[in-house]
>>> print(open('start_12.pdb').read())   # PDB, C-alpha atoms and all ligand atoms
ATOM      1  CA  MET E   1      98.749  61.994 109.683
ATOM      2  CA  ASP E   2      97.910  64.871 112.004
ATOM      3  CA  CYS E   3      94.787  66.485 110.539
ATOM      4  CA  ASP E   4      94.174  68.525 113.668
ATOM      5  CA  GLN E   5      96.895  71.059 112.950
ATOM      6  CA  TYR E   6      95.125  71.886 109.678
ATOM      7  CA  MET E   7      91.709  72.441 111.287
ATOM      8  CA  LEU E   8      90.683  76.039 111.958
ATOM      9  CA  GLU E   9      90.034  76.471 115.651
ATOM     10  CA  SER E  10      87.749  79.464 115.534
ATOM     11  CA  GLU E  11      85.554  81.022 112.901
ATOM     12  CA  PRO E  12      87.511  83.228 110.497
ATOM     13  CA  ARG E  13      85.312  86.307 110.197
ATOM     14  CA  TYR E  14      84.057  86.709 106.655
ATOM     15  CA  TYR E  15      81.467  89.187 105.364
ATOM     16  CA  PRO E  16      79.931  87.884 102.144
ATOM     17  CA  ALA E  17      79.423  90.257  99.231
ATOM     18  CA  GLY E  18      76.846  88.096  97.448
ATOM     19  CA  ASN E  19      75.896  84.440  97.270
ATOM     20  CA  GLU E  20      79.466  83.103  97.251
ATOM     21  CA  LEU E  21      78.880  80.958 100.361
ATOM     22  CA  ALA E  22      76.041  79.037  98.708
ATOM     23  CA  LEU E  23      77.909  78.714  95.411
ATOM     24  CA  TYR E  24      80.974  77.360  97.145
ATOM     25  CA  GLU E  25      78.927  74.923  99.205
ATOM     26  CA  ALA E  26      77.287  73.603  96.044
ATOM     27  CA  ALA E  27      80.711  73.112  94.421
ATOM     28  CA  TYR E  28      82.046  71.423  97.546
ATOM     29  CA  SER E  29      79.078  69.068  97.775
ATOM     30  CA  MET E  30      80.049  67.781  94.329
ATOM     31  CA  ARG E  31      83.782  68.102  95.133
ATOM     32  CA  LEU E  32      84.252  70.367  92.131
ATOM     33  CA  PRO E  33      87.469  72.387  92.060
ATOM     34  CA  VAL E  34      87.025  76.138  92.552
ATOM     35  CA  MET E  35      89.019  79.111  91.253
ATOM     36  CA  LEU E  36      88.870  82.468  93.094
ATOM     37  CA  LYS E  37      89.680  85.415  90.855
ATOM     38  CA  GLY E  38      90.375  88.897  92.109
ATOM     39  CA  PRO E  39      92.968  91.501  93.063
ATOM     40  CA  THR E  40      95.326  91.033  95.971
ATOM     41  CA  GLY E  41      93.997  91.665  99.475
ATOM     42  CA  CYS E  42      90.291  91.507  98.632
ATOM     43  CA  GLY E  43      89.323  88.556 100.832
ATOM     44  CA  LYS E  44      90.018  85.389  98.797
ATOM     45  CA  THR E  45      92.160  83.701 101.433
ATOM     46  CA  ARG E  46      89.813  84.726 104.223
ATOM     47  CA  PHE E  47      86.903  83.266 102.244
ATOM     48  CA  VAL E  48      88.586  79.839 101.854
ATOM     49  CA  GLU E  49      89.488  79.830 105.545
ATOM     50  CA  HIS E  50      85.894  80.632 106.414
ATOM     51  CA  MET E  51      84.571  77.888 104.124
ATOM     52  CA  ALA E  52      86.990  75.304 105.552
ATOM     53  CA  TRP E  53      85.758  76.241 109.011
ATOM     54  CA  ARG E  54      82.080  76.087 107.947
ATOM     55  CA  LEU E  55      82.552  72.691 106.351
ATOM     56  CA  GLN E  56      84.743  71.529 109.244
ATOM     57  CA  LYS E  57      87.498  70.344 106.911
ATOM     58  CA  PRO E  58      91.248  70.731 107.270
ATOM     59  CA  LEU E  59      92.825  73.421 105.091
ATOM     60  CA  VAL E  60      96.272  73.067 103.523
ATOM     61  CA  THR E  61      97.485  76.350 101.980
ATOM     62  CA  VAL E  62     100.383  76.619  99.542
ATOM     63  CA  SER E  63     101.704  79.997  98.357
ATOM     64  CA  CYS E  64     102.814  79.425  94.789
ATOM     65  CA  HIS E  65     105.995  80.970  93.397
ATOM     66  CA  GLU E  66     107.960  80.727  90.188
ATOM     67  CA  ASP E  67     110.619  78.370  91.517
ATOM     68  CA  MET E  68     108.032  75.898  92.740
ATOM     69  CA  THR E  69     108.388  72.482  91.127
ATOM     70  CA  ALA E  70     105.963  69.585  90.914
ATOM     71  CA  ALA E  71     108.078  67.855  93.609
ATOM     72  CA  ASP E  72     107.397  70.773  95.978
ATOM     73  CA  LEU E  73     103.698  69.938  95.645
ATOM     74  CA  VAL E  74     103.645  66.138  95.463
ATOM     75  CA  GLY E  75     106.750  65.187  97.461
ATOM     76  CA  ARG E  76     110.238  63.792  97.043
ATOM     77  CA  PHE E  77     112.730  61.256  98.307
ATOM     78  CA  LEU E  78     114.959  62.630 101.043
ATOM     79  CA  LEU E  79     118.168  61.263 102.470
ATOM     80  CA  GLY E  80     118.007  60.305 106.145
ATOM     81  CA  SER E  81     120.341  58.419 108.497
ATOM     82  CA  ASP E  82     118.754  55.106 107.403
ATOM     83  CA  GLY E  83     118.907  55.843 103.685
ATOM     84  CA  THR E  84     116.306  57.470 101.509
ATOM     85  CA  TYR E  85     112.698  57.923 102.483
ATOM     86  CA  TRP E  86     109.689  59.470 100.780
ATOM     87  CA  GLN E  87     108.158  62.688 102.088
ATOM     88  CA  ASP E  88     104.704  63.716 100.896
ATOM     89  CA  GLY E  89     104.390  67.292  99.649
ATOM     90  CA  PRO E  90     101.466  69.481 100.804
ATOM     91  CA  LEU E  91      99.219  68.494  97.890
ATOM     92  CA  THR E  92      99.690  64.749  98.490
ATOM     93  CA  MET E  93      99.108  65.268 102.194
ATOM     94  CA  ALA E  94      95.842  67.118 101.483
ATOM     95  CA  VAL E  95      94.761  64.426  98.992
ATOM     96  CA  ARG E  96      95.348  61.664 101.548
ATOM     97  CA  MET E  97      93.728  63.415 104.535
ATOM     98  CA  GLY E  98      90.696  64.827 102.720
ATOM     99  CA  ALA E  99      91.615  68.472 103.146
ATOM    100  CA  ILE E 100      90.758  71.513 101.100
ATOM    101  CA  CYS E 101      94.028  72.331  99.321
ATOM    102  CA  TYR E 102      94.361  76.042  98.516
ATOM    103  CA  LEU E 103      96.985  76.990  95.944
ATOM    104  CA  ASP E 104      97.353  80.734  96.411
ATOM    105  CA  GLU E 105      98.466  82.827  93.380
ATOM    106  CA  VAL E 106      98.631  79.774  91.182
ATOM    107  CA  VAL E 107      99.796  81.586  88.018
ATOM    108  CA  GLU E 108     103.078  82.283  89.768
ATOM    109  CA  ALA E 109     103.892  78.577  89.478
ATOM    110  CA  ARG E 110     105.242  77.132  86.232
ATOM    111  CA  GLN E 111     102.725  75.442  83.954
ATOM    112  CA  ASP E 112     104.368  72.012  84.279
ATOM    113  CA  THR E 113     103.933  72.304  88.045
ATOM    114  CA  ILE E 114     100.230  73.092  87.783
ATOM    115  CA  VAL E 115      99.660  70.208  85.371
ATOM    116  CA  VAL E 116     100.207  67.684  88.188
ATOM    117  CA  THR E 117      96.818  68.744  89.567
ATOM    118  CA  HIS E 118      94.938  67.788  86.376
ATOM    119  CA  SER E 119      94.197  64.159  87.257
ATOM    120  CA  LEU E 120      92.794  65.383  90.586
ATOM    121  CA  THR E 121      90.384  67.819  89.000
ATOM    122  CA  ASP E 122      88.463  65.419  86.811
ATOM    123  CA  ASP E 123      86.549  62.238  87.499
ATOM    124  CA  ARG E 124      89.742  60.283  88.120
ATOM    125  CA  ARG E 125      90.490  62.139  91.381
ATOM    126  CA  MET E 126      93.923  60.514  91.427
ATOM    127  CA  LEU E 127      97.404  61.868  92.046
ATOM    128  CA  PRO E 128     100.286  59.971  90.448
ATOM    129  CA  LEU E 129     103.529  60.000  92.448
ATOM    130  CA  GLU E 130     105.703  59.109  89.494
ATOM    131  CA  LYS E 131     109.029  58.992  91.342
ATOM    132  CA  LYS E 132     107.555  56.695  93.971
ATOM    133  CA  GLY E 133     105.529  54.577  91.568
ATOM    134  CA  GLU E 134     102.314  55.152  93.532
ATOM    135  CA  MET E 135      98.879  56.279  92.420
ATOM    136  CA  VAL E 136      97.089  58.031  95.302
ATOM    137  CA  ARG E 137      93.303  57.977  95.191
ATOM    138  CA  ALA E 138      91.889  61.208  96.642
ATOM    139  CA  HIS E 139      90.076  60.986  99.968
ATOM    140  CA  PRO E 140      86.345  61.606  99.383
ATOM    141  CA  ASP E 141      86.536  64.960 101.199
ATOM    142  CA  PHE E 142      89.469  66.336  99.199
ATOM    143  CA  GLN E 143      88.887  69.512  97.178
ATOM    144  CA  LEU E 144      91.245  71.759  95.213
ATOM    145  CA  VAL E 145      90.898  75.567  95.328
ATOM    146  CA  ILE E 146      93.163  78.003  93.473
ATOM    147  CA  SER E 147      93.394  81.770  93.525
ATOM    148  CA  TYR E 148      94.354  83.946  90.673
ATOM    149  CA  ASN E 149      94.800  87.692  90.160
ATOM    150  CA  PRO E 150      93.570  88.614  86.668
ATOM    151  CA  GLY E 151      95.380  91.968  87.008
ATOM    152  CA  TYR E 152      98.721  90.194  86.642
ATOM    153  CA  GLN E 153      97.499  88.335  83.613
ATOM    154  CA  SER E 154      99.841  88.397  80.631
ATOM    155  CA  ILE E 155     100.697  86.081  77.777
ATOM    156  CA  LEU E 156     103.603  84.818  79.833
ATOM    157  CA  LYS E 157     101.580  84.371  82.976
ATOM    158  CA  ASP E 158      98.190  82.897  82.417
ATOM    159  CA  LEU E 159      96.616  79.564  83.132
ATOM    160  CA  LYS E 160      96.492  77.027  80.352
ATOM    161  CA  GLU E 161      93.052  76.723  78.802
ATOM    162  CA  SER E 162      93.049  73.039  79.795
ATOM    163  CA  THR E 163      93.633  74.048  83.428
ATOM    164  CA  LYS E 164      91.058  76.864  83.494
ATOM    165  CA  GLN E 165      88.307  74.716  82.099
ATOM    166  CA  ARG E 166      88.446  72.318  85.032
ATOM    167  CA  PHE E 167      87.368  74.885  87.627
ATOM    168  CA  CYS E 168      84.187  76.636  88.699
ATOM    169  CA  ALA E 169      85.128  80.268  89.257
ATOM    170  CA  LEU E 170      84.076  83.071  91.571
ATOM    171  CA  ASP E 171      84.875  86.709  90.858
ATOM    172  CA  PHE E 172      86.113  88.684  93.842
ATOM    173  CA  ALA E 173      86.482  92.458  93.961
ATOM    174  CA  TYR E 174      86.996  95.057  96.669
ATOM    175  CA  PRO E 175      83.758  95.176  98.661
ATOM    176  CA  ASP E 176      81.315  98.045  98.165
ATOM    177  CA  ARG E 177      81.692 101.094 100.397
ATOM    178  CA  ALA E 178      79.297 100.075 103.181
ATOM    179  CA  LEU E 179      80.616  96.514 103.418
ATOM    180  CA  GLU E 180      84.253  97.562 103.274
ATOM    181  CA  ALA E 181      83.646 100.081 106.084
ATOM    182  CA  GLN E 182      82.167  97.284 108.199
ATOM    183  CA  ILE E 183      85.191  95.062 107.485
ATOM    184  CA  VAL E 184      87.677  97.853 108.274
ATOM    185  CA  ARG E 185      85.795  98.736 111.478
ATOM    186  CA  ASP E 186      85.663  95.163 112.790
ATOM    187  CA  GLU E 187      89.050  93.916 111.566
ATOM    188  CA  GLY E 188      90.818  97.125 112.512
ATOM    189  CA  ASN E 189      88.922  97.758 115.727
ATOM    190  CA  VAL E 190      88.119 101.388 114.949
ATOM    191  CA  SER E 191      84.967 103.494 115.098
ATOM    192  CA  ASP E 192      82.399 103.527 112.333
ATOM    193  CA  ARG E 193      83.337 107.078 111.439
ATOM    194  CA  LEU E 194      87.070 106.402 111.200
ATOM    195  CA  ALA E 195      86.403 103.266 109.141
ATOM    196  CA  ARG E 196      84.320 105.277 106.680
ATOM    197  CA  THR E 197      87.094 107.866 106.297
ATOM    198  CA  ILE E 198      89.678 105.117 105.681
ATOM    199  CA  VAL E 199      87.448 103.508 103.058
ATOM    200  CA  GLU E 200      86.997 106.857 101.332
ATOM    201  CA  ILE E 201      90.791 107.216 101.132
ATOM    202  CA  GLY E 202      90.993 103.674  99.752
ATOM    203  CA  GLU E 203      88.376 104.312  97.087
ATOM    204  CA  LYS E 204      90.055 107.491  95.935
ATOM    205  CA  SER E 205      93.444 105.764  95.776
ATOM    206  CA  ARG E 206      91.881 103.125  93.511
ATOM    207  CA  ASN E 207      90.687 105.852  91.194
ATOM    208  CA  LEU E 208      94.355 106.776  90.710
ATOM    209  CA  GLY E 209      94.920 103.292  89.258
ATOM    210  CA  GLY E 210      96.149 103.527  85.692
ATOM    211  CA  GLU E 211      98.081 106.690  86.504
ATOM    212  CA  GLY E 212     101.102 104.762  87.672
ATOM    213  CA  LEU E 213      99.488 102.823  90.477
ATOM    214  CA  ALA E 214      98.977  99.162  89.637
ATOM    215  CA  GLU E 215      95.903  98.482  91.765
ATOM    216  CA  GLY E 216      95.338 101.096  94.477
ATOM    217  CA  ALA E 217      94.872 100.219  98.135
ATOM    218  CA  SER E 218      93.504  96.752  98.884
ATOM    219  CA  THR E 219      91.102  95.978 101.710
ATOM    220  CA  ARG E 220      94.115  94.446 103.477
ATOM    221  CA  ILE E 221      95.951  97.788 103.345
ATOM    222  CA  LEU E 222      92.902  99.616 104.701
ATOM    223  CA  VAL E 223      92.618  97.145 107.577
ATOM    224  CA  GLN E 224      96.304  97.657 108.361
ATOM    225  CA  MET E 225      95.863 101.400 108.283
ATOM    226  CA  ALA E 226      92.945 101.077 110.711
ATOM    227  CA  ARG E 227      95.037  98.911 113.031
ATOM    228  CA  LEU E 228      97.789 101.527 113.091
ATOM    229  CA  ALA E 229      95.199 104.169 113.899
ATOM    230  CA  ALA E 230      93.854 101.901 116.663
ATOM    231  CA  ALA E 231      97.428 101.631 117.959
ATOM    232  CA  GLY E 232      97.398 105.415 118.374
ATOM    233  CA  LEU E 233      98.963 106.786 115.180
ATOM    234  CA  PRO E 234      97.336 109.892 113.689
ATOM    235  CA  LEU E 235      95.540 108.959 110.472
ATOM    236  CA  ASP E 236      97.908 110.833 108.141
ATOM    237  CA  GLN E 237     100.870 108.920 109.568
ATOM    238  CA  ALA E 238      98.993 105.639 109.440
ATOM    239  CA  ALA E 239      98.223 106.380 105.776
ATOM    240  CA  GLN E 240     101.883 107.062 104.935
ATOM    241  CA  PHE E 241     103.033 103.957 106.753
ATOM    242  CA  ALA E 242     100.422 101.443 105.594
ATOM    243  CA  LEU E 243      99.282 102.814 102.260
ATOM    244  CA  ILE E 244     101.349 105.477 100.505
ATOM    245  CA  ILE E 245     104.921 104.244 101.006
ATOM    246  CA  PRO E 246     104.155 100.542 100.373
ATOM    247  CA  LEU E 247     102.170 101.288  97.209
ATOM    248  CA  THR E 248     104.592 103.425  95.220
ATOM    249  CA  ASP E 249     108.088 104.852  94.932
ATOM    250  CA  ASP E 250     106.980 107.557  92.497
ATOM    251  CA  LEU E 251     107.149 110.901  94.314
ATOM    252  CA  ASP E 252     104.413 112.524  92.213
ATOM    253  CA  ILE E 253     102.005 109.692  92.955
ATOM    254  CA  ARG E 254     102.951 109.837  96.641
ATOM    255  CA  ASP E 255     102.077 113.551  96.567
ATOM    256  CA  ALA E 256      98.756 112.809  94.884
ATOM    257  CA  LEU E 257      97.972 110.164  97.514
ATOM    258  CA  SER E 258      98.934 112.519 100.346
ATOM    259  CA  GLY E 259      96.580 115.078  98.810
ATOM    260  CA  ILE E 260      93.761 112.524  98.871
ATOM    261  CA  VAL E 261      94.443 111.725 102.528
ATOM    262  CA  ASP E 262      94.510 115.414 103.525
ATOM    263  CA  ALA E 263      91.243 116.057 101.714
ATOM    264  CA  CYS E 264      89.529 113.187 103.567
ATOM    265  CA  LEU E 265      90.753 114.084 107.107
TER     266      LEU E 265
HETATM  267  P1  LIG E 301      93.557  87.894  99.328
HETATM  268  O1  LIG E 301      93.662  86.439  99.674
HETATM  269  O2  LIG E 301      92.483  88.208  98.345
HETATM  270  O3  LIG E 301      94.888  88.493  98.930
HETATM  271  P2  LIG E 301      92.847  88.211 102.136
HETATM  272  O4  LIG E 301      91.767  87.194 102.202
HETATM  273  O5  LIG E 301      94.143  87.863 102.785
HETATM  274  O6  LIG E 301      93.124  88.684 100.634
HETATM  275  O7  LIG E 301      92.240  89.566 102.742
HETATM  276  C1  LIG E 301      93.044  90.537 103.352
HETATM  277  C2  LIG E 301      92.412  91.019 104.621
HETATM  278  O8  LIG E 301      91.272  91.820 104.303
HETATM  279  C3  LIG E 301      91.906  89.926 105.530
HETATM  280  O9  LIG E 301      92.907  89.488 106.418
HETATM  281  C4  LIG E 301      90.748  90.596 106.237
HETATM  282  O10 LIG E 301      91.238  91.359 107.334
HETATM  283  C5  LIG E 301      90.224  91.587 105.234
HETATM  284  N1  LIG E 301      89.044  91.158 104.439
HETATM  285  C6  LIG E 301      88.908  91.291 103.106
HETATM  286  N2  LIG E 301      87.688  90.906 102.705
HETATM  287  C7  LIG E 301      87.015  90.516 103.802
HETATM  288  C8  LIG E 301      85.683  90.034 104.045
HETATM  289  N3  LIG E 301      84.815  89.872 103.034
HETATM  290  N4  LIG E 301      85.331  89.754 105.302
HETATM  291  C9  LIG E 301      86.210  89.929 106.323
HETATM  292  N5  LIG E 301      87.474  90.377 106.154
HETATM  293  C10 LIG E 301      87.881  90.674 104.926
END
>>> encode(input="start_12.pdb", output="structure tokens")
Amino acid sequence: MDCDQYMLESEPRYYPAGNELALYEAAYSMRLPVMLKGPTGCGKTRFVEHMAWRLQKPLVTVSCHEDMTAADLVGRFLLGSDGTYWQDGPLTMAVRMGAICYLDEVVEARQDTIVVTHSLTDDRRMLPLEKKGEMVRAHPDFQLVISYNPGYQSILKDLKESTKQRFCALDFAYPDRALEAQIVRDEGNVSDRLARTIVEIGEKSRNLGGEGLAEGASTRILVQMARLAAAGLPLDQAAQFALIIPLTDDLDIRDALSGIVDACL
């Protein structure tokens, strides 16, 4: 198994907002599964990448979606020229190699898919491959991490209580103004002043949330806006391109967002 391709070569830059590094390290030292909760684009994926790099462990990331089946995670028999053969899915691969397995947006997956992780998240640390008739014992370094956006939470899309209660959880939110400006400056390669203006636009867009906007601009959007500005676009165009048009189709809300941008320029 080629672990090397799952190792992070260089440090993924991550600015902590609190003591999440220490909390995660404590959970990892006991191999406890961790759940990261927070809106889209607020740094959850970057945090796991940073932790995998800090701990020098391979990272296997799976983006969950509603058509994902248990077989997509654990593996399946495939037909080759010499007959059928078994192919491990990403979860089984991570369990065998001792990777951190990150299931991104886990509520998107169906409940019966998520349930296959249960025997890995308690003292058994085993993964049954029912179709193959094999019980895989997790490598001592294996850890499961899931992310979850509570904003999308609904009766139809929530984690089972029996799943939730297996995880330690960290709350993520958009960083405070000073920290977000630092992130936008360094990730977007723009000046301090421009980064502060972009963050102000972001904050004001979030205040429009509830008035037709689901969540307002994420840190990811602000970084993208900064990168467009670094590429030479005037800020109002960068805002249209990276923030206003992606966020909404409602013309009144677009007008309100354009007003916010103009007021901040
Ligand atoms: P999520 O997984 O929560 O959807 P990401 O981790 O992909 O979000 O974050 C989106 C982008 O925002 C990252 O690629 C990075 O540029 C930036 N970012 C967000 N938070 C941080 C942080 N704390 N430190 C450094 N970069 C961050």
>>> closest_atom_pairs(input="start_12.pdb", of="chain E", to="ligand LIG 301 (chain E)", cutoff="7 Å", atoms="all atoms listed in the file", output="JSON lines")
{"residue": "E:Arg13", "atom": "CA", "partner": "E:LIG301", "partner_atom": "C9", "distance": 5.4}
{"residue": "E:Tyr14", "atom": "CA", "partner": "E:LIG301", "partner_atom": "N4", "distance": 3.6}
{"residue": "E:Tyr15", "atom": "CA", "partner": "E:LIG301", "partner_atom": "N4", "distance": 3.9}
{"residue": "E:Pro16", "atom": "CA", "partner": "E:LIG301", "partner_atom": "N3", "distance": 5.3}
{"residue": "E:Ala17", "atom": "CA", "partner": "E:LIG301", "partner_atom": "N3", "distance": 6.6}
{"residue": "E:Gly38", "atom": "CA", "partner": "E:LIG301", "partner_atom": "O2", "distance": 6.6}
{"residue": "E:Pro39", "atom": "CA", "partner": "E:LIG301", "partner_atom": "O2", "distance": 6.2}
{"residue": "E:Thr40", "atom": "CA", "partner": "E:LIG301", "partner_atom": "O3", "distance": 3.9}
{"residue": "E:Gly41", "atom": "CA", "partner": "E:LIG301", "partner_atom": "O6", "distance": 3.3}
{"residue": "E:Cys42", "atom": "CA", "partner": "E:LIG301", "partner_atom": "O2", "distance": 4.0}
{"residue": "E:Gly43", "atom": "CA", "partner": "E:LIG301", "partner_atom": "O4", "distance": 3.1}
{"residue": "E:Lys44", "atom": "CA", "partner": "E:LIG301", "partner_atom": "O2", "distance": 3.8}
{"residue": "E:Thr45", "atom": "CA", "partner": "E:LIG301", "partner_atom": "O1", "distance": 3.6}
{"residue": "E:Arg46", "atom": "CA", "partner": "E:LIG301", "partner_atom": "O4", "distance": 3.7}
{"residue": "E:Phe47", "atom": "CA", "partner": "E:LIG301", "partner_atom": "O4", "distance": 6.3}
{"residue": "E:Pro175", "atom": "CA", "partner": "E:LIG301", "partner_atom": "N3", "distance": 7.0}
{"residue": "E:Ile183", "atom": "CA", "partner": "E:LIG301", "partner_atom": "C9", "distance": 5.4}
{"residue": "E:Glu187", "atom": "CA", "partner": "E:LIG301", "partner_atom": "O10", "distance": 5.4}
{"residue": "E:Thr219", "atom": "CA", "partner": "E:LIG301", "partner_atom": "O8", "distance": 4.9}
{"residue": "E:Arg220", "atom": "CA", "partner": "E:LIG301", "partner_atom": "O8", "distance": 4.0}
{"residue": "E:Val223", "atom": "CA", "partner": "E:LIG301", "partner_atom": "O10", "distance": 6.0}
>>> resolve_selection(input="start_12.pdb", expression="the PyMOL selection byres (((chain E and resi 27) around 12) and not hetatm)", output="ChimeraX atom specification")
/E:20-26,28-35,51,143-145,167-170
>>> closest_residue(input="start_12.pdb", among="E:Glu9, E:Glu200, E:Asp2, E:Asp171", to="Met97 (chain E)", atoms="all atoms listed in the file")
E:Asp2
>>> resolve_selection(input="start_12.pdb", expression="the PyMOL selection byres (((chain E and resi 230) around 12) and not hetatm)", output="count of residues only")
23
>>> atom_distance(input="start_12.pdb", atom1="CA of Met68 (chain E)", atom2="CA of Cys101 (chain E)")
15.9 Å
>>> atom_distance(input="start_12.pdb", atom1="CA of Lys132 (chain E)", atom2="CA of Ala71 (chain E)")
11.2 Å
>>> decode(input="start_12.pdb", residues="region 233-254 of chain E", atoms="N, CA and C atoms", output="mmCIF file, in the first residue's frame")
data_model
loop_
_atom_site.group_PDB
_atom_site.id
_atom_site.type_symbol
_atom_site.label_atom_id
_atom_site.label_comp_id
_atom_site.auth_asym_id
_atom_site.auth_seq_id
_atom_site.Cartn_x
_atom_site.Cartn_y
_atom_site.Cartn_z
ATOM 1 N N LEU E 233 -7.813 42.336 -10.640
ATOM 2 C CA LEU E 233 -9.185 42.840 -10.813
ATOM 3 C C LEU E 233 -9.474 43.938 -9.797
ATOM 4 N N PRO E 234 -10.202 44.989 -10.209
ATOM 5 C CA PRO E 234 -10.658 45.974 -9.223
ATOM 6 C C PRO E 234 -11.565 45.269 -8.211
ATOM 7 N N LEU E 235 -11.583 45.781 -6.984
ATOM 8 C CA LEU E 235 -12.270 45.070 -5.902
ATOM 9 C C LEU E 235 -13.769 44.876 -6.161
ATOM 10 N N ASP E 236 -14.414 45.874 -6.786
ATOM 11 C CA ASP E 236 -15.863 45.688 -7.025
ATOM 12 C C ASP E 236 -16.118 44.540 -7.994
ATOM 13 N N GLN E 237 -15.236 44.383 -8.986
ATOM 14 C CA GLN E 237 -15.406 43.254 -9.913
ATOM 15 C C GLN E 237 -15.083 41.927 -9.239
ATOM 16 N N ALA E 238 -14.033 41.951 -8.432
ATOM 17 C CA ALA E 238 -13.669 40.731 -7.697
ATOM 18 C C ALA E 238 -14.825 40.313 -6.793
ATOM 19 N N ALA E 239 -15.508 41.297 -6.198
ATOM 20 C CA ALA E 239 -16.627 41.001 -5.301
ATOM 21 C C ALA E 239 -17.799 40.394 -6.070
ATOM 22 N N GLN E 240 -18.094 40.943 -7.244
ATOM 23 C CA GLN E 240 -19.184 40.379 -8.067
ATOM 24 C C GLN E 240 -18.869 38.933 -8.425
ATOM 25 N N PHE E 241 -17.646 38.722 -8.859
ATOM 26 C CA PHE E 241 -17.222 37.449 -9.423
ATOM 27 C C PHE E 241 -17.119 36.349 -8.354
ATOM 28 N N ALA E 242 -16.531 36.704 -7.215
ATOM 29 C CA ALA E 242 -16.255 35.681 -6.196
ATOM 30 C C ALA E 242 -17.336 35.584 -5.132
ATOM 31 N N LEU E 243 -18.050 36.688 -4.917
ATOM 32 C CA LEU E 243 -18.963 36.714 -3.767
ATOM 33 C C LEU E 243 -20.426 36.851 -4.179
ATOM 34 N N ILE E 244 -20.757 37.937 -4.889
ATOM 35 C CA ILE E 244 -22.179 38.264 -5.070
ATOM 36 C C ILE E 244 -22.878 37.258 -5.990
ATOM 37 N N ILE E 245 -22.303 37.013 -7.167
ATOM 38 C CA ILE E 245 -22.982 36.117 -8.116
ATOM 39 C C ILE E 245 -23.027 34.670 -7.604
ATOM 40 N N PRO E 246 -21.920 34.149 -7.030
ATOM 41 C CA PRO E 246 -22.038 32.771 -6.501
ATOM 42 C C PRO E 246 -23.065 32.640 -5.379
ATOM 43 N N LEU E 247 -23.207 33.669 -4.545
ATOM 44 C CA LEU E 247 -24.033 33.505 -3.341
ATOM 45 C C LEU E 247 -25.530 33.517 -3.600
ATOM 46 N N THR E 248 -25.987 34.281 -4.582
ATOM 47 C CA THR E 248 -27.444 34.414 -4.731
ATOM 48 C C THR E 248 -27.871 34.727 -6.159
ATOM 49 N N ASP E 249 -29.091 34.291 -6.482
ATOM 50 C CA ASP E 249 -29.690 34.637 -7.772
ATOM 51 C C ASP E 249 -30.734 35.738 -7.609
ATOM 52 N N ASP E 250 -31.015 36.092 -6.349
ATOM 53 C CA ASP E 250 -32.066 37.069 -6.064
ATOM 54 C C ASP E 250 -31.522 38.478 -6.355
ATOM 55 N N LEU E 251 -32.187 39.183 -7.267
ATOM 56 C CA LEU E 251 -31.639 40.473 -7.722
ATOM 57 C C LEU E 251 -31.641 41.525 -6.617
ATOM 58 N N ASP E 252 -32.644 41.476 -5.734
ATOM 59 C CA ASP E 252 -32.673 42.445 -4.627
ATOM 60 C C ASP E 252 -31.503 42.211 -3.673
ATOM 61 N N ILE E 253 -31.237 40.938 -3.398
ATOM 62 C CA ILE E 253 -30.104 40.658 -2.488
ATOM 63 C C ILE E 253 -28.782 41.014 -3.167
ATOM 64 N N ARG E 254 -28.700 40.756 -4.480
ATOM 65 C CA ARG E 254 -27.477 41.167 -5.198
ATOM 66 C C ARG E 254 -27.270 42.678 -5.083
#
